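Asker: What follows is a single structure, and I will ask about it in a moment.
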Amino acid sequence: MALAHDAGRTDLPLLDGTIGAALDRAVAAHPERDALIVRHSAGEASAEWRGGAGVRLSWSELANEVDRVARGLLARGARVGDRLGIWSPNHAEWVLTQLATARIGVVLVTLNPAYRTHEVAYALRRSGCRFLVAASAFKTSDYRAMIEEVRPELPALEQVVLLDTDDWAALVADGDGFGSPGTTVAAVEAGLTADDAINIQFTSGTTGFPKGATLSHRNILNNGWFVGEGCRYTEVDRVCIPVPLYHCFGMVMGVLGCVTHASAMVFPAPAFEPEATLRAVEEERCTSLYGVPTMFIAELGDPTFAERDLSSLRTGIMAGSPCPVEVMKRCIAEMHMDEVTICYGMTETSPVSTQTAADDDLDRRVGSVGRVHPHVEIQVVDPEGGAVVERGETGELCTRGYSVMLGYWDDEERTAEAIDGDGWMHTGDLAVMDEAGYVNIVGRSKDMVIRGGENIYPREVEEFLYTHPDVVDVQVIGVPDERYGEELMAWVTLRDGASLTLDGLREFCAGRIAHQKVPRYLHVVDEFPMTVTGKVQKYLMRERSIEMLGLESAAATETA
């Protein structure tokens, strides 16, 4: 049996330049093609490029607006290496800010729109942001009030630009006419390199402890390029991006995947809305659709789904968490996504390390996260000893190559814990590599349940429970048990009008999976605790389950 190690192809060269240079190439090749379509507006105070309820910009128009914002930042004193935070749902100004900061070497610090005061203060203080671009408010988040509350704690924060006020227009106006020898956008950009830090993303993931993954032009530009290659993008593609921009899925796989291929970016709404996403795909004739599995589940279940013409779809990306097999099959059969791909990665690797291919058969696409990306190495190692395991065995997935982050911002200790001396990023994910090099993620190393000395991978149990006719979604966790050390608990969401008891669940499992994999506890919920990117926060589920079992143990064994 071969060792679980693989290296990606290298015949397709890395892009050796900056994000700004990639934007220039798109403009030069396809100046009049659609570049940015945003089907909503951040407010009424923005510039004249607003069209109706949203924004439509060609590549030449996009580059012009990006340069106006970049000049505005330079006029206000922004310099290479400064940090600028952005705290907002998906708006056109978000994309302009991303590309403008890349033009002038300002490090973009992307902030989770779900943050509250403690979290945003921590991220801004830790990264030393001089500038902040933010929405005034969105849904229950009053960003303006939260900024005012924490600003006394942030001595480095000099300027705040609120998108849905006159602030944005004033920033752009400051840049119009600005420029002197040595301070023009072009002059500043000429001094940048591909290895410069350009993005900090505070990744708490499912652990709740924020660390600032620092990424370079080379990191994220190439990852967007290779993801787009995996989806076979060209300038005729139109990519629907309902995932949040603050995360790699939106800003790298979305924005930079499109910039590097001159494909159109389509943003359906400020935050994910199933109906708005389906309408955008239909009306904009999108060829690709992004989402985490919960988004696709919501779209398939939307009351308007049957009415929508989604025949323009060809491909797309599912990522962020494991995709249920039945969901994948429905996306291919009912959403016309014949070439849909699965991507696997993490923020610290820019993010994608493996991807299924458009021509992989269905079993590969529903049973794996694909093979290693170009210019990347992966291996599966024994979590205890660190030795590379054989193919077919379970271990921790590690990745190495251009995509590995520069490090955690101002945190050498945690960087050293994550990236070993040989450059391997330890993902914390448990994986199996088959003989052909396809990787299957079987869980997080911290999610593995040890029941009576037996290792149980929740993903395996989840995939089985998805086959229950009334189960829409399911997450399996381990909870403490005096006898076995740990026992399984299933959290499930059900189809409208359905009910499920623990006895009914056990009857469904009887004789079909091993007895130790049958959940001892059942909890029926409307939704799971999640990050804004759709990753289930199992640590919160454990905490709540432990409390629930201790206080209401009888209810926890029924449909709580």
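Letters for chains follow the order of the structure tokens (A, B, ...), residue numbers begin at 1 for each chain, and ligand numbers begin at 1 in the order shown.
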Distance table requested - range 127-194 of chain A against range 268-283 of chain A, cut-off 12 Å, only C-alpha atoms: one row per qualifying residue with the closest atom pair and its distance in Å to one decimal, ordered by chain and rising residue number, as CSV.
Answerer:
residue,atom,partner,partner_atom,distance
A:Ala135,CA,A:Pro270,CA,10.7
A:Ala137,CA,A:Pro270,CA,11.5
A:Phe138,CA,A:Pro270,CA,8.8
A:Lys139,CA,A:Ala271,CA,9.9
Asker: Generate a file of the selected residues that holds N, CA and C atoms, formatted as a short mmCIF file (atom, residue, chain, number, x, y, z; two decimals), in the first residue's frame.
Answerer:
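Resulting contents of part.cif:
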data_model
loop_
_atom_site.label_atom_id
_atom_site.label_comp_id
_atom_site.auth_asym_id
_atom_site.auth_seq_id
_atom_site.Cartn_x
_atom_site.Cartn_y
_atom_site.Cartn_z
N ALA A 135 -20.54 49.21 7.30
CA ALA A 135 -21.95 49.56 7.14
C ALA A 135 -22.41 50.26 8.41
N ALA A 137 -25.51 49.87 9.65
CA ALA A 137 -26.33 48.88 10.35
C ALA A 137 -26.75 47.82 9.36
N PHE A 138 -27.08 46.66 9.88
CA PHE A 138 -27.66 45.60 9.06
C PHE A 138 -28.38 44.63 9.97
N LYS A 139 -29.66 44.43 9.67
CA LYS A 139 -30.51 43.57 10.50
C LYS A 139 -30.42 44.01 11.96
#
Asker: Run DSSP on the backbone of this structure and report the residues of range 293-530 of chain A it assigns to helix (DSSP H, G or I), as a PyMOL selection string.
Answerer: chain A and resi 293-300+305-307+325-334+347-349+362-367+412-418+458-465+502-509+515-517
Asker: Taking 5 positions as the minimum chain separation for residues in the same chain, which residues sit within 7 Å of range 228-239 of chain A when counting only C-alpha atoms? Answer as a tab-separated table (two decimals) with N, CA, C and O atoms, in the first residue's frame.
Answerer:
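Okay, result.tsv is ready:
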chain	number	residue	atom	x	y	z
A	257	GLY	N	-11.32	34.51	-7.98
A	257	GLY	CA	-11.57	33.49	-9.00
A	257	GLY	C	-12.13	34.12	-10.26
A	257	GLY	O	-11.82	33.69	-11.38
A	261	HIS	N	-10.09	35.24	-14.24
A	261	HIS	CA	-10.67	34.65	-15.46
A	261	HIS	C	-11.58	35.62	-16.20
A	261	HIS	O	-12.18	35.26	-17.20
A	262	ALA	N	-11.68	36.87	-15.68
A	262	ALA	CA	-12.56	37.88	-16.26
A	262	ALA	C	-14.02	37.41	-16.30
A	262	ALA	O	-14.79	37.78	-17.19
A	263	SER	N	-14.40	36.56	-15.35
A	263	SER	CA	-15.79	36.11	-15.22
A	263	SER	C	-16.57	37.15	-14.42
A	263	SER	O	-16.01	37.86	-13.59
A	264	ALA	N	-17.86	37.24	-14.67
A	264	ALA	CA	-18.69	38.22	-13.96
A	264	ALA	C	-19.01	37.74	-12.55
A	264	ALA	O	-19.30	36.57	-12.33
A	265	MET	N	-18.95	38.69	-11.61
A	265	MET	CA	-19.35	38.42	-10.22
A	265	MET	C	-20.78	38.90	-10.02
A	265	MET	O	-21.10	40.05	-10.32
A	266	VAL	N	-21.64	38.05	-9.47
A	266	VAL	CA	-23.04	38.40	-9.22
A	266	VAL	C	-23.32	38.20	-7.74
A	266	VAL	O	-23.19	37.09	-7.22
A	286	CYS	N	-26.78	32.98	-14.55
A	286	CYS	CA	-25.52	32.56	-13.93
A	286	CYS	C	-25.16	31.14	-14.36
A	286	CYS	O	-26.03	30.28	-14.50
A	287	THR	N	-23.87	30.94	-14.54
A	287	THR	CA	-23.38	29.61	-14.94
A	287	THR	C	-22.79	28.85	-13.77
A	287	THR	O	-22.52	27.65	-13.87
A	288	SER	N	-22.57	29.53	-12.65
A	288	SER	CA	-21.95	28.92	-11.48
A	288	SER	C	-22.59	29.46	-10.23
A	288	SER	O	-22.99	30.64	-10.18
A	289	LEU	N	-22.70	28.63	-9.21
A	289	LEU	CA	-23.33	29.01	-7.95
A	289	LEU	C	-22.50	28.47	-6.80
A	289	LEU	O	-22.13	27.30	-6.78
A	315	THR	N	-21.90	24.77	-13.34
A	315	THR	CA	-20.96	24.36	-12.30
A	315	THR	C	-21.25	25.11	-11.02
A	315	THR	O	-22.29	25.76	-10.87
A	357	ALA	N	-12.87	17.33	-9.61
A	357	ALA	CA	-12.80	17.82	-10.99
A	357	ALA	C	-14.19	17.80	-11.62
A	357	ALA	O	-15.06	17.02	-11.23
A	358	ALA	N	-14.37	18.67	-12.61
A	358	ALA	CA	-15.67	18.77	-13.27
A	358	ALA	C	-16.07	17.47	-13.93
A	358	ALA	O	-17.27	17.18	-14.08
Asker: Do you know which residues are at most 9 Å from Val366 in chain A counting only C-alpha atoms, after dropping those on the same chain fewer than 3 positions away, and could you put them as a list in words?
Answerer: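 With the cut-off at 9 Å, the set is Cys323, Pro324, Val325, Glu326, Met328, Lys329, Ile342, Asp361, Leu362, Asp363 and Val369 of chain A.
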Asker: Could the residues in this selection be written to a file with C-alpha atoms, as a PDB file, in the first residue's frame?
Answerer:
ATOM      1  CA  CYS A 323     -21.925  17.903   1.764  1.00  0.00           C
ATOM      2  CA  PRO A 324     -24.658  15.312   2.292  1.00  0.00           C
ATOM      3  CA  VAL A 325     -24.749  12.850  -0.584  1.00  0.00           C
ATOM      4  CA  GLU A 326     -28.453  13.335  -1.256  1.00  0.00           C
ATOM      5  CA  MET A 328     -25.280  16.770  -4.027  1.00  0.00           C
ATOM      6  CA  LYS A 329     -27.420  14.428  -6.131  1.00  0.00           C
ATOM      7  CA  ILE A 342     -16.384  20.149  -3.933  1.00  0.00           C
ATOM      8  CA  ASP A 361     -17.890  10.688 -11.617  1.00  0.00           C
ATOM      9  CA  LEU A 362     -20.719  11.116  -9.147  1.00  0.00           C
ATOM     10  CA  ASP A 363     -19.238   8.738  -6.591  1.00  0.00           C
ATOM     11  CA  VAL A 369     -13.234  16.390  -1.461  1.00  0.00           C
TER      12      VAL A 369
END
Asker: Considering only C-alpha atoms, state which residue in the set A:Leu111, A:Cys248, A:Ile332, A:Ala78 is at the smallest distance from Phe131 in chain A.
Answerer: A:Ala78
Asker: Do a neighbour search on Gly386 in chain A at 12 Å with only C-alpha atoms, toss out local chain neighbours closer than 2 positions, and write the hits as a PDB file with N, CA, C and O atoms, in the first residue's frame.
Answerer:
ATOM      1  N   GLN A 379      -0.469  15.437   2.792  1.00  0.00           N
ATOM      2  CA  GLN A 379      -0.171  14.126   3.355  1.00  0.00           C
ATOM      3  C   GLN A 379      -1.072  13.894   4.561  1.00  0.00           C
ATOM      4  O   GLN A 379      -1.577  14.844   5.181  1.00  0.00           O
ATOM      5  N   VAL A 380      -1.297  12.620   4.858  1.00  0.00           N
ATOM      6  CA  VAL A 380      -2.110  12.224   6.014  1.00  0.00           C
ATOM      7  C   VAL A 380      -1.172  11.568   7.019  1.00  0.00           C
ATOM      8  O   VAL A 380      -0.467  10.609   6.676  1.00  0.00           O
ATOM      9  N   VAL A 381      -1.155  12.114   8.233  1.00  0.00           N
ATOM     10  CA  VAL A 381      -0.182  11.652   9.222  1.00  0.00           C
ATOM     11  C   VAL A 381      -0.862  11.146  10.483  1.00  0.00           C
ATOM     12  O   VAL A 381      -1.993  11.517  10.793  1.00  0.00           O
ATOM     13  N   ASP A 382      -0.144  10.303  11.186  1.00  0.00           N
ATOM     14  CA  ASP A 382      -0.591   9.826  12.499  1.00  0.00           C
ATOM     15  C   ASP A 382      -0.616  11.016  13.449  1.00  0.00           C
ATOM     16  O   ASP A 382       0.415  11.658  13.668  1.00  0.00           O
ATOM     17  N   PRO A 383      -1.787  11.363  14.022  1.00  0.00           N
ATOM     18  CA  PRO A 383      -1.862  12.537  14.891  1.00  0.00           C
ATOM     19  C   PRO A 383      -0.949  12.452  16.108  1.00  0.00           C
ATOM     20  O   PRO A 383      -0.538  13.485  16.652  1.00  0.00           O
ATOM     21  N   GLU A 384      -0.602  11.250  16.530  1.00  0.00           N
ATOM     22  CA  GLU A 384       0.241  11.092  17.715  1.00  0.00           C
ATOM     23  C   GLU A 384       1.724  11.154  17.348  1.00  0.00           C
ATOM     24  O   GLU A 384       2.459  11.999  17.847  1.00  0.00           O
ATOM     25  N   VAL A 388       3.734   9.546   8.252  1.00  0.00           N
ATOM     26  CA  VAL A 388       2.749   9.457   7.170  1.00  0.00           C
ATOM     27  C   VAL A 388       2.124   8.071   7.186  1.00  0.00           C
ATOM     28  O   VAL A 388       2.829   7.053   7.212  1.00  0.00           O
ATOM     29  N   VAL A 389       0.788   8.022   7.180  1.00  0.00           N
ATOM     30  CA  VAL A 389       0.093   6.741   7.224  1.00  0.00           C
ATOM     31  C   VAL A 389      -0.048   6.202   5.803  1.00  0.00           C
ATOM     32  O   VAL A 389       0.229   6.893   4.817  1.00  0.00           O
ATOM     33  N   GLY A 395      -5.917   9.640   9.390  1.00  0.00           N
ATOM     34  CA  GLY A 395      -4.936  10.458  10.094  1.00  0.00           C
ATOM     35  C   GLY A 395      -5.252  11.928   9.897  1.00  0.00           C
ATOM     36  O   GLY A 395      -6.277  12.301   9.311  1.00  0.00           O
ATOM     37  N   GLU A 396      -4.348  12.786  10.382  1.00  0.00           N
ATOM     38  CA  GLU A 396      -4.549  14.222  10.240  1.00  0.00           C
ATOM     39  C   GLU A 396      -4.034  14.690   8.879  1.00  0.00           C
ATOM     40  O   GLU A 396      -2.924  14.343   8.467  1.00  0.00           O
ATOM     41  N   LEU A 397      -4.826  15.497   8.185  1.00  0.00           N
ATOM     42  CA  LEU A 397      -4.416  16.024   6.890  1.00  0.00           C
ATOM     43  C   LEU A 397      -3.504  17.232   7.087  1.00  0.00           C
ATOM     44  O   LEU A 397      -3.820  18.153   7.852  1.00  0.00           O
ATOM     45  N   CYS A 398      -2.386  17.231   6.391  1.00  0.00           N
ATOM     46  CA  CYS A 398      -1.451  18.357   6.406  1.00  0.00           C
ATOM     47  C   CYS A 398      -1.249  18.834   4.973  1.00  0.00           C
ATOM     48  O   CYS A 398      -1.333  18.053   4.030  1.00  0.00           O
ATOM     49  N   ASP A 420       4.662  23.353  10.937  1.00  0.00           N
ATOM     50  CA  ASP A 420       5.856  22.731  11.503  1.00  0.00           C
ATOM     51  C   ASP A 420       7.124  23.204  10.787  1.00  0.00           C
ATOM     52  O   ASP A 420       7.076  23.995   9.826  1.00  0.00           O
ATOM     53  N   TRP A 424       4.757  22.275   6.842  1.00  0.00           N
ATOM     54  CA  TRP A 424       3.444  21.632   6.756  1.00  0.00           C
ATOM     55  C   TRP A 424       2.447  22.333   7.667  1.00  0.00           C
ATOM     56  O   TRP A 424       2.692  22.490   8.857  1.00  0.00           O
ATOM     57  N   HIS A 426      -0.763  21.995   9.704  1.00  0.00           N
ATOM     58  CA  HIS A 426      -1.551  20.919  10.313  1.00  0.00           C
ATOM     59  C   HIS A 426      -2.998  21.393  10.436  1.00  0.00           C
ATOM     60  O   HIS A 426      -3.296  22.316  11.187  1.00  0.00           O
TER      61      HIS A 426
END
Asker: List every residue of range 312-511 of chain A that DSSP, applied to the backbone of this structure, assigns to strand (DSSP E or B), and report them as an MDAnalysis selection string.
Answerer: chainID A and resid 315:318 341:345 352:355 371:372 376:381 388 390 394:401 407:408 419 425:433 439:444 449:451 454:456 471:481 485:494
Asker: Could you list, with a cut-off of 9 Å and counting only C-alpha atoms, the residues of range 154-235 of chain A near range 5-14 of chain A, each shown with its nearest atom pair and the distance in Å rounded to one decimal, rows sorted by chain and ascending number, as a tab-separated table?
Answerer:
residue	atom	partner	partner_atom	distance
A:Arg218	CA	A:Leu14	CA	8.4
A:Asn222	CA	A:Leu14	CA	6.4
A:Trp225	CA	A:Leu14	CA	8.8
A:Phe226	CA	A:Leu14	CA	8.9
Asker: Could the residues in this selection be saved with N, CA and C atoms as a JSON list (two decimals), in the first residue's frame?
Answerer:
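Final output, out.json:
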[["chain", "number", "residue", "atom", "x", "y", "z"],
["A", 218, "ARG", "N", 0.35, 36.43, -3.41],
["A", 218, "ARG", "CA", 0.62, 35.12, -4.00],
["A", 218, "ARG", "C", -0.34, 34.07, -3.45],
["A", 222, "ASN", "N", -3.37, 33.23, -6.43],
["A", 222, "ASN", "CA", -3.21, 31.93, -7.07],
["A", 222, "ASN", "C", -4.30, 30.96, -6.66],
["A", 225, "TRP", "N", -7.23, 31.69, -8.73],
["A", 225, "TRP", "CA", -6.93, 31.26, -10.10],
["A", 225, "TRP", "C", -7.15, 29.76, -10.27],
["A", 226, "PHE", "N", -6.58, 28.97, -9.36],
["A", 226, "PHE", "CA", -6.67, 27.52, -9.52],
["A", 226, "PHE", "C", -8.07, 27.00, -9.23]]
Asker: Leaving out Ile200 in chain A and any residue of its chain fewer than 2 positions from it, which residues lie within 6 Å of it when counting only C-alpha atoms, given as a PDB file with C-alpha atoms, in the first residue's frame?
Answerer:
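Contents of result_17.pdb, freshly written:
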ATOM      1  CA  VAL A 109      -8.601  43.095   7.694  1.00  0.00           C
ATOM      2  CA  GLY A 212      -5.326  36.558  12.418  1.00  0.00           C
ATOM      3  CA  ALA A 213      -4.329  34.419   9.434  1.00  0.00           C
ATOM      4  CA  THR A 214      -2.088  36.662   7.316  1.00  0.00           C
TER       5      THR A 214
END
Asker: Counting only C-alpha atoms, which residue out of A:Gly72, A:Gly320, A:Gly85, A:Gly423 sits closest to Pro351 in chain A?
Answerer: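 Of A:Gly72, A:Gly320, A:Gly85, A:Gly423, the one nearest Pro351 in chain A, counting only C-alpha atoms, is A:Gly320.
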Asker: Interatomic distance between CA of Thr18 in chain A and CA of Gly105 in chain A?
Answerer: 9.5 Å
Asker: Could you name the residues that touch Leu108 in chain A at 12 Å or less, counting only C-alpha atoms, but leaving out those on the same chain fewer than 2 positions away, as a PyMOL selection string?
Answerer: chain A and resi 78+80-87+94-106+110-111+123-124+127-133+197-202+212-217+245-247+251
Asker: Which residue, A:Ala75, A:Ala114, A:Val27, A:Ile513, has the smallest gap to Gly177 in chain A when you use only C-alpha atoms?
Answerer: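 Nearest to Gly177 in chain A: A:Ala75.
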Asker: Out of A:Asp473, A:Glu148, A:Asp67, A:Glu299, which residue has the shortest atom-to-atom distance to Val188 in chain A when counting only C-alpha atoms?
Answerer: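 Selected residue with least distance to Val188 in chain A: A:Asp67.
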Asker: For Leu62 in chain A, which residue among A:Glu377, A:Asp338, A:Asp24, A:Glu547 is the nearest when counting only C-alpha atoms?
Answerer: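 Smallest distance to Leu62 in chain A is found for A:Asp24.
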Asker: Which one of A:Val404, A:Val472, A:Leu221, A:Val536 sits closest to Leu494 in chain A if you count only C-alpha atoms?
Answerer: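 Using only C-alpha atoms, Leu494 in chain A sits closest to A:Val472.
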Asker: Tell me, in Å to one decimal, how far CA of Val107 in chain A is from CA of Asp196 in chain A.
Answerer: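 For CA of Val107 in chain A relative to CA of Asp196 in chain A, the distance reads 9.1 Å.
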Asker: Between CA of Gln355 in chain A and CA of Val227 in chain A, what is the distance, to one decimal in Å?
Answerer: 7.8 Å
